[in-house]
Every structure is written in structure tokens, then in C-alpha cells.
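Below: coords-v4.cif (mmCIF, C-alpha atoms and all ligand atoms)
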data_start
#
loop_
_atom_site.label_atom_id
_atom_site.label_comp_id
_atom_site.auth_asym_id
_atom_site.auth_seq_id
_atom_site.Cartn_x
_atom_site.Cartn_y
_atom_site.Cartn_z
CA MET A 1245 -54.65 -3.78 56.71
CA SER A 1246 -53.32 -3.26 53.25
CA ILE A 1247 -54.03 -0.76 50.55
CA ASN A 1248 -57.32 -1.56 48.89
CA ARG A 1249 -56.85 -1.70 45.14
CA ARG A 1250 -60.30 -0.25 44.58
CA ASP A 1251 -59.17 2.86 46.43
CA LEU A 1252 -56.19 3.08 44.15
CA ILE A 1253 -58.40 2.79 41.13
CA LYS A 1254 -61.06 5.09 42.49
CA SER A 1255 -58.38 7.67 43.01
CA THR A 1256 -57.46 7.66 39.35
CA ILE A 1257 -60.83 8.71 38.05
CA LYS A 1258 -60.45 11.90 36.08
CA GLY A 1259 -57.15 12.49 37.81
CA GLY A 1260 -59.13 13.85 40.75
CA VAL A 1261 -57.23 13.51 43.97
CA ILE A 1262 -54.72 10.87 43.13
CA LEU A 1263 -52.87 9.22 45.96
CA CYS A 1264 -54.53 11.45 48.50
CA ALA A 1265 -57.35 8.92 48.27
CA LEU A 1266 -55.11 6.14 49.52
CA PRO A 1267 -56.20 4.98 52.95
CA LEU A 1268 -53.93 5.48 55.90
CA VAL A 1269 -52.63 2.18 57.18
CA THR A 1270 -50.64 1.68 60.30
CA GLY A 1271 -50.54 -0.83 63.12
CA CYS A 1272 -49.28 -4.36 62.90
CA SER A 1273 -48.31 -4.15 59.25
CA GLY A 1274 -46.09 -1.17 59.92
CA THR A 1275 -45.74 1.90 57.84
CA ALA A 1276 -46.26 1.29 54.17
CA ARG A 1277 -46.93 3.23 51.00
CA GLY A 1278 -50.49 3.97 52.09
CA ASP A 1279 -49.27 5.99 55.05
CA VAL A 1280 -46.88 8.06 53.12
CA ALA A 1281 -48.06 7.63 49.57
CA GLY A 1282 -47.51 11.21 49.66
CA SER A 1283 -48.88 14.11 48.33
CA THR A 1284 -47.54 16.46 45.85
CA GLY A 1285 -46.05 18.27 48.82
CA ASN A 1286 -46.74 21.76 50.00
CA ASN A 1287 -48.78 24.47 48.38
CA GLN A 1288 -45.67 26.12 47.06
CA LEU A 1289 -45.13 23.28 44.57
CA ASN A 1290 -48.76 23.41 43.50
CA ARG A 1291 -48.38 27.16 43.01
CA LEU A 1292 -45.24 26.60 40.92
CA LEU A 1293 -46.60 23.82 38.72
CA GLY A 1294 -50.33 23.50 39.30
CA ARG A 1295 -51.96 20.34 40.63
CA GLU A 1296 -51.87 18.28 37.43
CA ARG A 1297 -48.17 18.73 36.72
CA SER A 1298 -47.30 18.09 40.37
CA GLU A 1299 -49.29 14.86 40.25
CA MET A 1300 -47.56 13.81 37.02
CA LEU A 1301 -44.22 14.06 38.80
CA LEU A 1302 -45.46 12.13 41.79
CA LEU A 1303 -46.71 9.40 39.45
CA ALA A 1304 -43.34 9.35 37.67
CA SER A 1305 -41.68 8.77 41.04
CA LEU A 1306 -43.61 5.52 41.53
CA ALA A 1307 -41.10 3.97 39.10
CA PRO A 1308 -39.05 1.01 40.33
CA ASN A 1309 -35.49 1.97 41.28
CA GLY A 1310 -32.48 0.32 42.87
CA HIS A 1311 -32.72 0.22 46.73
CA ASN A 1312 -35.58 2.73 46.37
CA THR A 1313 -33.14 5.63 46.64
CA GLN A 1314 -35.42 7.60 44.31
CA PRO A 1315 -32.44 9.19 42.55
CA TRP A 1316 -34.41 11.76 40.50
CA VAL A 1317 -34.23 15.55 40.74
CA VAL A 1318 -36.51 17.78 38.69
CA THR A 1319 -35.52 21.38 38.01
CA VAL A 1320 -38.39 23.54 36.83
CA VAL A 1321 -37.28 26.03 34.20
CA SER A 1322 -40.89 26.98 33.54
CA PRO A 1323 -44.14 25.08 34.24
CA ASP A 1324 -43.84 23.31 30.88
CA HIS A 1325 -40.08 22.94 30.72
CA TRP A 1326 -38.20 20.68 33.15
CA ILE A 1327 -34.68 19.34 33.50
CA ILE A 1328 -34.59 15.79 34.84
CA GLY A 1329 -31.42 14.83 36.64
CA SER A 1330 -30.09 12.50 39.28
CA ASP A 1331 -28.80 13.22 42.77
CA PRO A 1332 -25.29 11.81 43.41
CA ASP A 1333 -26.19 11.38 47.09
CA ARG A 1334 -28.67 8.78 45.88
CA TRP A 1335 -26.30 6.86 43.61
CA LEU A 1336 -25.14 3.39 44.69
CA PRO A 1337 -21.38 3.38 44.04
CA ALA A 1338 -20.73 0.07 45.80
CA VAL A 1339 -23.15 -2.04 43.77
CA ASP A 1340 -23.70 0.17 40.73
CA PRO A 1341 -20.36 1.94 40.18
CA ASP A 1342 -21.07 2.72 36.51
CA ASN A 1343 -24.60 4.00 37.16
CA HIS A 1344 -26.16 1.37 34.92
CA ASP A 1345 -29.03 0.61 37.30
CA LEU A 1346 -29.40 4.30 37.99
CA LEU A 1347 -30.00 5.01 34.28
CA VAL A 1348 -32.46 2.10 34.03
CA SER A 1349 -34.35 3.58 37.00
CA MET A 1350 -34.32 7.03 35.38
CA GLY A 1351 -35.68 5.47 32.18
CA ALA A 1352 -38.56 3.94 34.16
CA PHE A 1353 -39.23 7.37 35.71
CA LEU A 1354 -39.35 8.99 32.25
CA GLU A 1355 -41.69 6.31 30.92
CA ASN A 1356 -44.08 6.87 33.84
CA LEU A 1357 -43.85 10.61 33.26
CA GLU A 1358 -44.75 10.30 29.59
CA GLN A 1359 -47.72 8.03 30.35
CA ALA A 1360 -48.93 10.21 33.23
CA ALA A 1361 -48.67 13.32 31.05
CA ALA A 1362 -50.80 11.63 28.36
CA PHE A 1363 -53.41 10.78 31.00
CA TYR A 1364 -53.66 14.46 31.93
CA GLY A 1365 -53.87 15.52 28.29
CA TYR A 1366 -50.27 16.53 27.65
CA GLN A 1367 -47.59 15.34 25.31
CA ALA A 1368 -44.21 15.10 27.04
CA GLU A 1369 -41.39 15.65 24.59
CA ILE A 1370 -38.35 13.98 26.17
CA THR A 1371 -34.81 14.68 24.97
CA ILE A 1372 -31.99 12.66 26.50
CA THR A 1373 -29.07 14.99 27.15
CA ALA A 1374 -26.66 12.83 29.20
CA ALA A 1375 -23.56 11.90 27.23
CA SER A 1376 -21.96 10.04 30.13
CA ALA A 1377 -23.39 7.91 32.93
CA LYS A 1378 -21.98 10.23 35.61
CA GLU A 1379 -23.63 13.39 34.30
CA ARG A 1380 -26.18 14.74 36.72
CA GLN A 1381 -28.41 16.19 34.05
CA ILE A 1382 -30.14 13.39 32.17
CA ALA A 1383 -33.03 14.68 30.11
CA GLU A 1384 -35.07 17.69 29.18
CA VAL A 1385 -38.85 17.52 29.16
CA LYS A 1386 -41.18 19.91 27.39
CA LEU A 1387 -44.93 19.62 27.88
CA GLN A 1388 -47.46 20.51 25.23
CA LYS A 1389 -51.23 20.32 25.44
CA ALA A 1390 -52.36 17.24 23.48
CA ALA A 1391 -55.58 16.87 21.50
CA GLY A 1392 -57.12 14.84 24.32
CA THR A 1393 -56.33 12.59 27.24
CA SER A 1394 -55.21 9.00 26.79
CA GLY A 1395 -54.25 5.91 28.74
CA SER A 1396 -54.72 5.11 32.38
CA ILE A 1397 -52.68 5.62 35.52
CA ASP A 1398 -54.04 2.52 37.28
CA PRO A 1399 -51.06 0.40 36.18
CA ILE A 1400 -48.61 3.03 37.45
CA LEU A 1401 -50.35 3.24 40.82
CA SER A 1402 -50.68 -0.50 41.36
CA ARG A 1403 -47.28 -1.69 40.07
CA CYS A 1404 -44.98 -3.07 42.72
CA THR A 1405 -41.97 -5.34 43.02
CA VAL A 1406 -43.04 -8.74 44.36
CA ARG A 1407 -40.35 -11.02 45.79
CA LYS A 1408 -42.44 -13.73 47.48
CA ASN A 1409 -44.70 -16.60 46.47
CA LEU A 1410 -43.78 -16.77 42.79
CA LEU A 1411 -45.13 -20.00 41.30
CA LYS A 1412 -42.92 -22.45 39.46
CA ARG A 1413 -45.27 -22.68 36.48
CA GLU A 1414 -43.78 -21.71 33.11
CA ILE A 1415 -45.09 -18.40 31.73
CA SER A 1416 -47.38 -19.05 28.76
CA VAL A 1417 -46.35 -18.02 25.26
CA THR A 1418 -49.41 -15.76 25.04
CA ASP A 1419 -48.50 -13.96 28.24
CA ILE A 1420 -44.87 -13.56 27.20
CA ARG A 1421 -45.99 -12.10 23.87
CA HIS A 1422 -48.36 -9.76 25.66
CA ILE A 1423 -45.87 -8.40 28.19
CA THR A 1424 -42.84 -8.18 25.90
CA GLY A 1425 -44.83 -7.05 22.86
CA ASP A 1426 -43.59 -3.45 22.87
CA SER A 1427 -39.95 -4.45 22.57
CA PRO A 1428 -39.71 -8.12 21.54
CA ASN A 1429 -36.05 -7.81 20.49
CA SER A 1430 -34.85 -6.58 23.86
CA LEU A 1431 -36.84 -8.81 26.21
CA HIS A 1432 -35.92 -12.49 26.34
CA TYR A 1433 -37.69 -15.21 28.33
CA PHE A 1434 -35.87 -18.32 29.54
CA ALA A 1435 -38.19 -21.03 30.83
CA PRO A 1436 -37.38 -23.09 33.94
CA GLY A 1437 -35.30 -26.12 32.99
CA SER A 1438 -33.59 -24.35 30.09
CA ARG A 1439 -29.80 -24.17 30.07
CA GLN A 1440 -29.97 -20.37 30.37
CA SER A 1441 -32.33 -20.51 33.34
CA GLY A 1442 -29.97 -22.94 35.09
CA PHE A 1443 -27.05 -20.60 34.39
CA LEU A 1444 -28.93 -17.61 35.82
CA ASN A 1445 -29.99 -19.63 38.90
CA GLN A 1446 -26.45 -20.69 39.65
CA GLY A 1447 -24.87 -17.32 38.79
CA THR A 1448 -27.37 -15.41 40.92
CA ILE A 1449 -26.63 -17.53 43.98
CA GLU A 1450 -22.88 -17.22 43.48
CA ALA A 1451 -23.15 -13.46 42.95
CA ASN A 1452 -25.21 -13.07 46.12
CA ARG A 1453 -22.60 -15.07 48.05
CA LEU A 1454 -19.92 -12.73 46.75
CA GLN A 1455 -21.87 -9.54 47.35
CA VAL A 1456 -22.51 -10.20 51.05
CA THR A 1457 -18.78 -10.57 51.63
CA ARG A 1458 -18.13 -7.07 50.29
CA ASP A 1459 -18.39 -4.67 53.22
CA ALA A 1460 -18.89 -1.64 50.96
CA ALA A 1461 -21.94 -3.27 49.35
CA GLN A 1462 -23.33 -4.33 52.72
CA GLU A 1463 -22.79 -0.87 54.25
CA GLU A 1464 -24.52 0.74 51.30
CA LEU A 1465 -27.48 -1.61 51.72
CA ALA A 1466 -27.54 -0.82 55.45
CA ASP A 1467 -27.68 2.90 54.62
CA TRP A 1468 -30.81 2.37 52.55
CA ILE A 1469 -32.89 0.17 54.85
CA ARG A 1470 -35.37 2.03 57.03
CA TRP A 1471 -36.19 -0.35 59.87
CA SER A 1472 -38.37 1.77 62.14
CA ASN A 1473 -41.71 3.37 61.35
CA GLY A 1474 -40.20 6.68 62.47
CA ASP A 1475 -37.45 6.48 59.85
CA ILE A 1476 -39.84 5.36 57.12
CA GLU A 1477 -42.03 8.37 57.77
CA LYS A 1478 -39.07 10.71 58.07
CA TYR A 1479 -37.14 9.70 54.95
CA ARG A 1480 -39.88 8.18 52.76
CA ASP A 1481 -37.30 6.31 50.72
CA GLY A 1482 -35.20 3.16 50.90
CA LEU A 1483 -36.22 -0.42 51.57
CA ASN A 1484 -38.35 -1.23 54.59
CA PRO A 1485 -39.57 -4.43 56.27
CA ALA A 1486 -42.87 -4.44 54.38
CA SER A 1487 -41.26 -3.75 51.01
CA MET A 1488 -38.78 -6.57 51.65
CA GLY A 1489 -41.71 -8.89 52.39
CA ILE A 1490 -41.08 -9.13 56.17
CA THR A 1491 -44.57 -8.92 57.60
CA GLY A 1492 -46.66 -10.07 60.57
CA PHE A 1493 -44.81 -10.89 63.79
CA ALA A 1494 -41.44 -11.00 62.01
CA GLY A 1495 -42.11 -7.51 60.67
CA LEU A 1496 -42.95 -6.25 64.16
CA PHE A 1497 -39.80 -7.85 65.55
CA VAL A 1498 -37.40 -6.40 62.98
CA ARG A 1499 -38.97 -2.95 63.20
CA MET A 1500 -38.30 -2.95 66.93
CA PHE A 1501 -34.92 -4.67 67.15
CA PHE A 1502 -33.09 -4.32 63.82
CA ASN A 1503 -30.95 -1.35 62.90
CA ARG A 1504 -28.08 -0.39 60.62
CA SER A 1505 -25.54 -2.54 62.43
CA THR A 1506 -27.74 -5.67 62.16
CA VAL A 1507 -27.25 -5.58 58.38
CA LEU A 1508 -23.47 -5.76 58.80
CA LYS A 1509 -23.58 -8.86 61.03
CA GLU A 1510 -22.60 -12.30 59.78
CA ASP A 1511 -26.06 -13.77 60.50
CA PHE A 1512 -27.79 -11.16 58.37
CA ARG A 1513 -25.38 -11.76 55.48
CA LYS A 1514 -25.93 -15.53 55.71
CA SER A 1515 -29.69 -15.21 55.79
CA SER A 1516 -29.58 -12.93 52.73
CA VAL A 1517 -27.89 -15.73 50.79
CA VAL A 1518 -30.40 -18.29 52.08
CA MET A 1519 -33.21 -16.02 50.90
CA ALA A 1520 -31.61 -15.63 47.47
CA GLU A 1521 -31.32 -19.44 47.23
CA GLU A 1522 -34.99 -19.82 48.11
CA GLN A 1523 -35.97 -17.19 45.55
CA VAL A 1524 -33.90 -18.84 42.84
CA ASN A 1525 -35.65 -22.15 43.57
CA GLN A 1526 -39.04 -20.55 43.23
CA HIS A 1527 -39.91 -19.05 39.90
CA GLY A 1528 -41.34 -19.68 36.46
CA GLY A 1529 -38.29 -18.60 34.48
CA TRP A 1530 -36.23 -15.49 33.89
CA ILE A 1531 -36.71 -12.40 31.75
CA VAL A 1532 -33.57 -10.71 30.54
CA LEU A 1533 -33.57 -7.16 29.29
CA THR A 1534 -30.95 -6.29 26.69
CA GLY A 1535 -30.02 -2.94 25.16
CA GLN A 1536 -28.30 -1.63 22.07
CA GLY A 1537 -25.12 -0.54 23.81
CA ALA A 1538 -23.54 0.53 27.07
CA ASP A 1539 -24.14 4.27 26.64
CA PRO A 1540 -26.58 6.29 28.81
CA ARG A 1541 -29.25 6.46 26.12
CA SER A 1542 -29.31 2.64 25.75
CA TYR A 1543 -29.71 2.14 29.50
CA ILE A 1544 -32.44 4.78 29.68
CA ASP A 1545 -34.23 3.09 26.76
CA SER A 1546 -33.99 -0.19 28.66
CA GLY A 1547 -35.56 1.47 31.69
CA ARG A 1548 -38.41 2.64 29.50
CA ASN A 1549 -38.84 -0.86 28.02
CA LEU A 1550 -38.72 -2.30 31.53
CA GLN A 1551 -41.45 0.01 32.75
CA LYS A 1552 -43.67 -0.61 29.68
CA MET A 1553 -43.45 -4.31 30.51
CA LEU A 1554 -43.97 -3.88 34.27
CA LEU A 1555 -47.12 -1.85 33.67
CA LYS A 1556 -48.64 -4.86 31.91
CA ILE A 1557 -47.82 -7.70 34.26
CA ARG A 1558 -50.31 -7.20 37.05
CA GLN A 1559 -53.30 -7.81 34.78
CA ARG A 1560 -51.74 -11.20 33.88
CA ASN A 1561 -50.92 -12.06 37.53
CA ILE A 1562 -47.22 -12.12 36.76
CA ALA A 1563 -44.47 -10.90 39.09
CA LEU A 1564 -41.09 -9.79 37.78
CA HIS A 1565 -38.39 -9.43 40.40
CA PRO A 1566 -35.13 -7.73 39.37
CA MET A 1567 -32.12 -9.66 40.73
CA THR A 1568 -29.12 -7.58 39.73
CA GLN A 1569 -26.28 -9.21 41.68
CA ILE A 1570 -25.18 -11.26 38.66
CA LEU A 1571 -24.57 -7.97 36.83
CA GLN A 1572 -22.79 -6.41 39.79
CA GLU A 1573 -20.35 -9.06 40.98
CA GLY A 1574 -17.46 -11.00 39.42
CA ASN A 1575 -17.22 -10.77 35.65
CA TRP A 1576 -20.59 -12.24 34.76
CA ARG A 1577 -21.79 -8.98 33.13
CA SER A 1578 -19.28 -9.28 30.29
CA GLN A 1579 -20.02 -12.98 29.72
CA LEU A 1580 -23.77 -12.93 30.13
CA ALA A 1581 -24.86 -12.08 26.58
CA ASN A 1582 -22.66 -14.85 25.23
CA GLU A 1583 -23.81 -17.41 27.81
CA LEU A 1584 -27.45 -16.61 27.17
CA GLY A 1585 -27.11 -16.45 23.38
CA VAL A 1586 -28.39 -12.90 23.02
CA ASP A 1587 -26.92 -10.39 20.56
CA THR A 1588 -26.72 -7.23 22.64
CA PRO A 1589 -25.50 -6.38 26.18
CA VAL A 1590 -27.60 -7.54 29.14
CA HIS A 1591 -29.02 -4.60 31.12
CA LEU A 1592 -31.27 -6.29 33.67
CA VAL A 1593 -32.17 -9.77 34.90
CA LEU A 1594 -35.62 -10.46 36.37
CA ARG A 1595 -37.04 -13.56 38.05
CA ALA A 1596 -40.52 -14.24 36.67
CA GLY A 1597 -43.49 -16.08 38.08
CA TYR A 1598 -47.25 -16.23 38.29
CA LEU A 1599 -48.86 -15.27 41.59
CA GLU A 1600 -51.99 -16.72 43.22
CA LYS A 1601 -52.75 -13.33 44.70
CA TYR A 1602 -51.22 -10.00 43.76
CA PRO A 1603 -50.22 -7.91 46.77
CA ASP A 1604 -50.72 -4.15 46.99
CA PRO A 1605 -47.80 -1.73 46.71
CA VAL A 1606 -46.02 -1.08 49.97
CA SER A 1607 -42.82 0.74 49.10
CA VAL A 1608 -42.90 4.41 50.01
CA ARG A 1609 -42.11 7.56 48.05
CA ARG A 1610 -41.07 11.09 48.95
CA PRO A 1611 -43.56 13.87 48.35
CA ALA A 1612 -42.85 15.60 45.05
CA ASP A 1613 -41.67 18.82 46.67
CA ARG A 1614 -38.63 16.97 48.01
CA PHE A 1615 -37.28 16.24 44.54
CA VAL A 1616 -38.59 19.20 42.56
CA LYS A 1617 -36.90 22.61 42.68
CA SER A 1618 -37.12 25.77 40.64
CA ALA A 1619 -34.22 26.78 38.40
C1 LIG B 1701 -32.45 -1.14 38.07
C2 LIG B 1701 -33.13 -1.84 39.22
C3 LIG B 1701 -32.45 -2.81 39.95
C4 LIG B 1701 -33.08 -3.47 41.00
N1 LIG B 1701 -32.42 -4.48 41.67
C5 LIG B 1701 -33.06 -5.19 42.61
C6 LIG B 1701 -32.43 -6.33 43.22
O1 LIG B 1701 -31.30 -6.69 42.90
N2 LIG B 1701 -33.11 -7.01 44.16
C7 LIG B 1701 -34.37 -6.65 44.54
O2 LIG B 1701 -34.95 -7.31 45.40
N3 LIG B 1701 -35.01 -5.59 43.97
C8 LIG B 1701 -34.39 -4.87 43.02
N4 LIG B 1701 -35.03 -3.81 42.41
C9 LIG B 1701 -36.38 -3.43 42.84
C10 LIG B 1701 -36.30 -2.20 43.76
O3 LIG B 1701 -35.77 -2.57 45.02
C11 LIG B 1701 -37.70 -1.62 43.91
O4 LIG B 1701 -38.10 -1.11 42.65
C12 LIG B 1701 -37.75 -0.49 44.93
O5 LIG B 1701 -37.47 -0.97 46.22
C13 LIG B 1701 -39.11 0.21 44.96
O6 LIG B 1701 -40.12 -0.73 45.21
P1 LIG B 1701 -41.35 -0.91 44.20
O7 LIG B 1701 -40.78 -1.39 42.90
O8 LIG B 1701 -42.24 -1.93 44.85
O9 LIG B 1701 -42.01 0.43 44.04
C14 LIG B 1701 -34.42 -3.13 41.35
C15 LIG B 1701 -35.10 -2.17 40.60
C16 LIG B 1701 -34.47 -1.53 39.54
C17 LIG B 1701 -35.23 -0.51 38.72
#
Before anything else, please render the file you have as C-alpha cells.
Amino acid sequence: MSINRRDLIKSTIKGGVILCALPLVTGCSGTARGDVAGSTGNNQLNRLLGRERSEMLLLASLAPNGHNTQPWVVTVVSPDHWIIGSDPDRWLPAVDPDNHDLLVSMGAFLENLEQAAAFYGYQAEITITAASAKERQIAEVKLQKAAGTSGSIDPILSRCTVRKNLLKREISVTDIRHITGDSPNSLHYFAPGSRQSGFLNQGTIEANRLQVTRDAAQEELADWIRWSNGDIEKYRDGLNPASMGITGFAGLFVRMFFNRSTVLKEDFRKSSVVMAEEQVNQHGGWIVLTGQGADPRSYIDSGRNLQKMLLKIRQRNIALHPMTQILQEGNWRSQLANELGVDTPVHLVLRAGYLEKYPDPVSVRRPADRFVKSA
């Protein structure tokens, strides 16, 4: 059983009981977001922030993020004044040593937060404070009551990373214009068959081959995969069989027999490369996200642009799958802008494709009280 989209949508009406309305799903499909979609946490958080603000933060946390480490920490100075930071225990030094992906993920979190605040009738004034990528404190948020409510949280609730069954059909010009419309200068589409698409295909395979040979990268991945239902429920973070697209009997098998050491074995490394090869052979082009510079603000802006785009793709039946290895291995990152003919540094690479059927979200999140604390 999967999460019924209607339940997701029903739950958004008037901001009533968001996420609590998600059905509980267990059994053959394993533990998924529906089981642990969370809640805002305990009553203490609701007492500190009130229900609406707690829900805004939970919605913000539905942002995409590398390995689903959910790196955010929110320090409440007062109910309308928050410091948004990141938790070094949730950084990924082996694959993201300069915290580039981390800042993109934080940008996506901030974008969700701003849109969720608008839905509840608040304006979120966001000031980026991080001067370096390793600073824990990233932004300051001040909430003000707005004239009214605006927008919808349906796209935030139903967004998910899809890695399987992307069609090879080229994405139409109309759809590209629609999804990249907010930031046309920083989002670039390369159709299948183009020289750039070929370069990204080849580079992504090579980078995956390199990454699996690096023990540090593999150990880090192993640390962030929750194989058993018990661990998924306990930690409510990381990748899990369902979120990696391993379902049915295979999902049951890996939940029972796979563990941290499986990820370090040669067979697992080989099959990761085979999967990357299959993925690279199955898409309708690439979308590349570029940013003004290599400073924290530029990466955070890219995260916000990413999330604006991701919130529009489901309605067009388009999947966008980040494949970051080409930015993490070898020296592709420095050459990429040149190779692709774009003017500014490349911040993220995403495989694009139409889907016949859009799946429901399955990746889990921690309850808000695990990442929110008072000053
Ligand atoms: C900056 C960034 C980098 C990512 N890199 C990858 C990647 O290389 N491969 C992949 O399969 N998913 C990647 N993802 C997707 C995350 O794994 C995914 O967002 C996370 O597991 C939560 O799942 P959800 O997006 O379905 O909520 C990335 C996401 C972000 C924001």
C-alpha cells in the first residue's frame, strides 16, 4: 500500500492537520514516509512555537537533501525569530567536502519554509548570514503576519525524488519553459543526443566507477542507509530500500539480510555502477543548475531555484533525479561549465524524464522537535 495522494491533498486543506492525515503504511512495502511522516513532535514544541509554526518547519524539512541526512537545525530565539543552521554530524565530508550540496539542500529547506509560511499567512524574511561554507549558522528568519494567505503546500507534500522508470522522450519546450521559468538563466536543459548530454552520460558513469572505489565515500553511504524497518523508525533519516526504489520481494529481502557491511562489499559496489549505467541509459535529457559563484549565498540561491523547479515538475509528470557524482569525483567540477558551454559554475546535475505514473513520496523525515531547539 502506498500513500494516497488524495490523503496528502486532503491534509493540506486550511492547514488543518497536515501530515497527521497521512495513512499508516506497513507490511510488504516496508516502512515509508507514511509511517513516520511525522508529526511536529511533542507538545513542548507546539507550546514553544504553536501548531502553525511547527508545521511550517516540518514542511520545510520535506526538502530534498543529500543522502537524506536532513542537515538542518533551527534555534528558536523567539516564536517569530529563528536561526537556521546545519549540524556537522550530518555533513558528508567524503562526498561533499566543501559543503556545496549541503548549502543547496539548505537553500531548498529555506524555499520550502518561505512558501509554507506564505500558506499560513506569514511573510518569512530570510537573511543569509553564512560567510563561509563551514559556518554552522546559515540564515536568520523573521516571521511577520502577511495581509493574507497565499500559495499551496500540495507541491511540497507530494514532491519526491524519482530514480526509476524515466522515459527517454525529450522534454517539450513548453514544459522546460514552465519548470525553469523562475530562473531561466541558471537552469539549462540538454536534450538526449546532444553533445552535452553525451558528455554528462559518460562523465556520470565514470564518476560513479571512481566513487565506489573510494572507501571513505562508501563508508559514508553505508552510514546513511537504514536497511531495517526498526532503524527507519528509530532514526527517521537516511536512505532506505523504498526510497532507493527497492520494493516488492527484493525490498523484503534487503530489509532482512542487508546491513552496513553489505554496502562495503565488492558486489554492492559493482551493482551500484550497473544501476548508474542503467539510469544514464534511461532519461529524456539533463538539467544543469548553475549559480553566480562558489560562495555560500550562491549555493543557497541555487537550492532555492532547485526547489522552485522541483515544486512544479509533478504536475507535468516530469522526474528530476540529482546525480552528483560528476561534481564530486575527479576534476570534472572545474571543467563542467566549459564543457557544457554555460557561463557560470555548475552547482547541480539532474537526470530528467517523463513518467507514465508518478509515485508517492516514500523518504522519511524526523519529527520537527528533533531539529528544533530553543536558544
Ligand atoms: C544537493 C543534493 C544532491 C543529491 N544527490 C543525489 C545523488 O547523487 N543521487 C541520488 O540518487 N539522489 C541524490 N539526491 C536526492 C536525495 O537523495 C533525496 O532528496 C533524499 O534522499 C530525500 O528524498 P526525497 O527527495 O524523495 O524527499 C540529492 C539531493 C540533493 C538536494
Find the distance between CA of Ala1390 in chain A and CA of Val1616 in chain A and write it in Å to one decimal. 23.6 Å
Shortest contact to Leu1293 in chain A, candidates A:Leu1454, A:Ile1531, A:Ala1612, A:Ala1460, atoms counted all atoms listed in the file, goes to A:Ala1612
Nearby polymer residues, ligand LIG 1701 (chain B), at most 8 Å, only C-alpha atoms and all ligand atoms, as a ChimeraX atom specification: /A:1306-1313,1344-1349,1352,1403-1407,1482-1483,1487-1488,1547,1565-1569,1592,1605-1608
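Nearest to Arg1297 in chain A of all the residues A:Ile1400, A:Leu1357, A:Val1339, A:Leu1533 is A:Leu1357, based on all atoms listed in the file.
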Counting all atoms listed in the file, the option among A:Ser1472, A:Ser1578, A:Ser1441, A:Thr1448 closest to Leu1496 in chain A: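 Closest to Leu1496 in chain A of all the choices is A:Ser1472.
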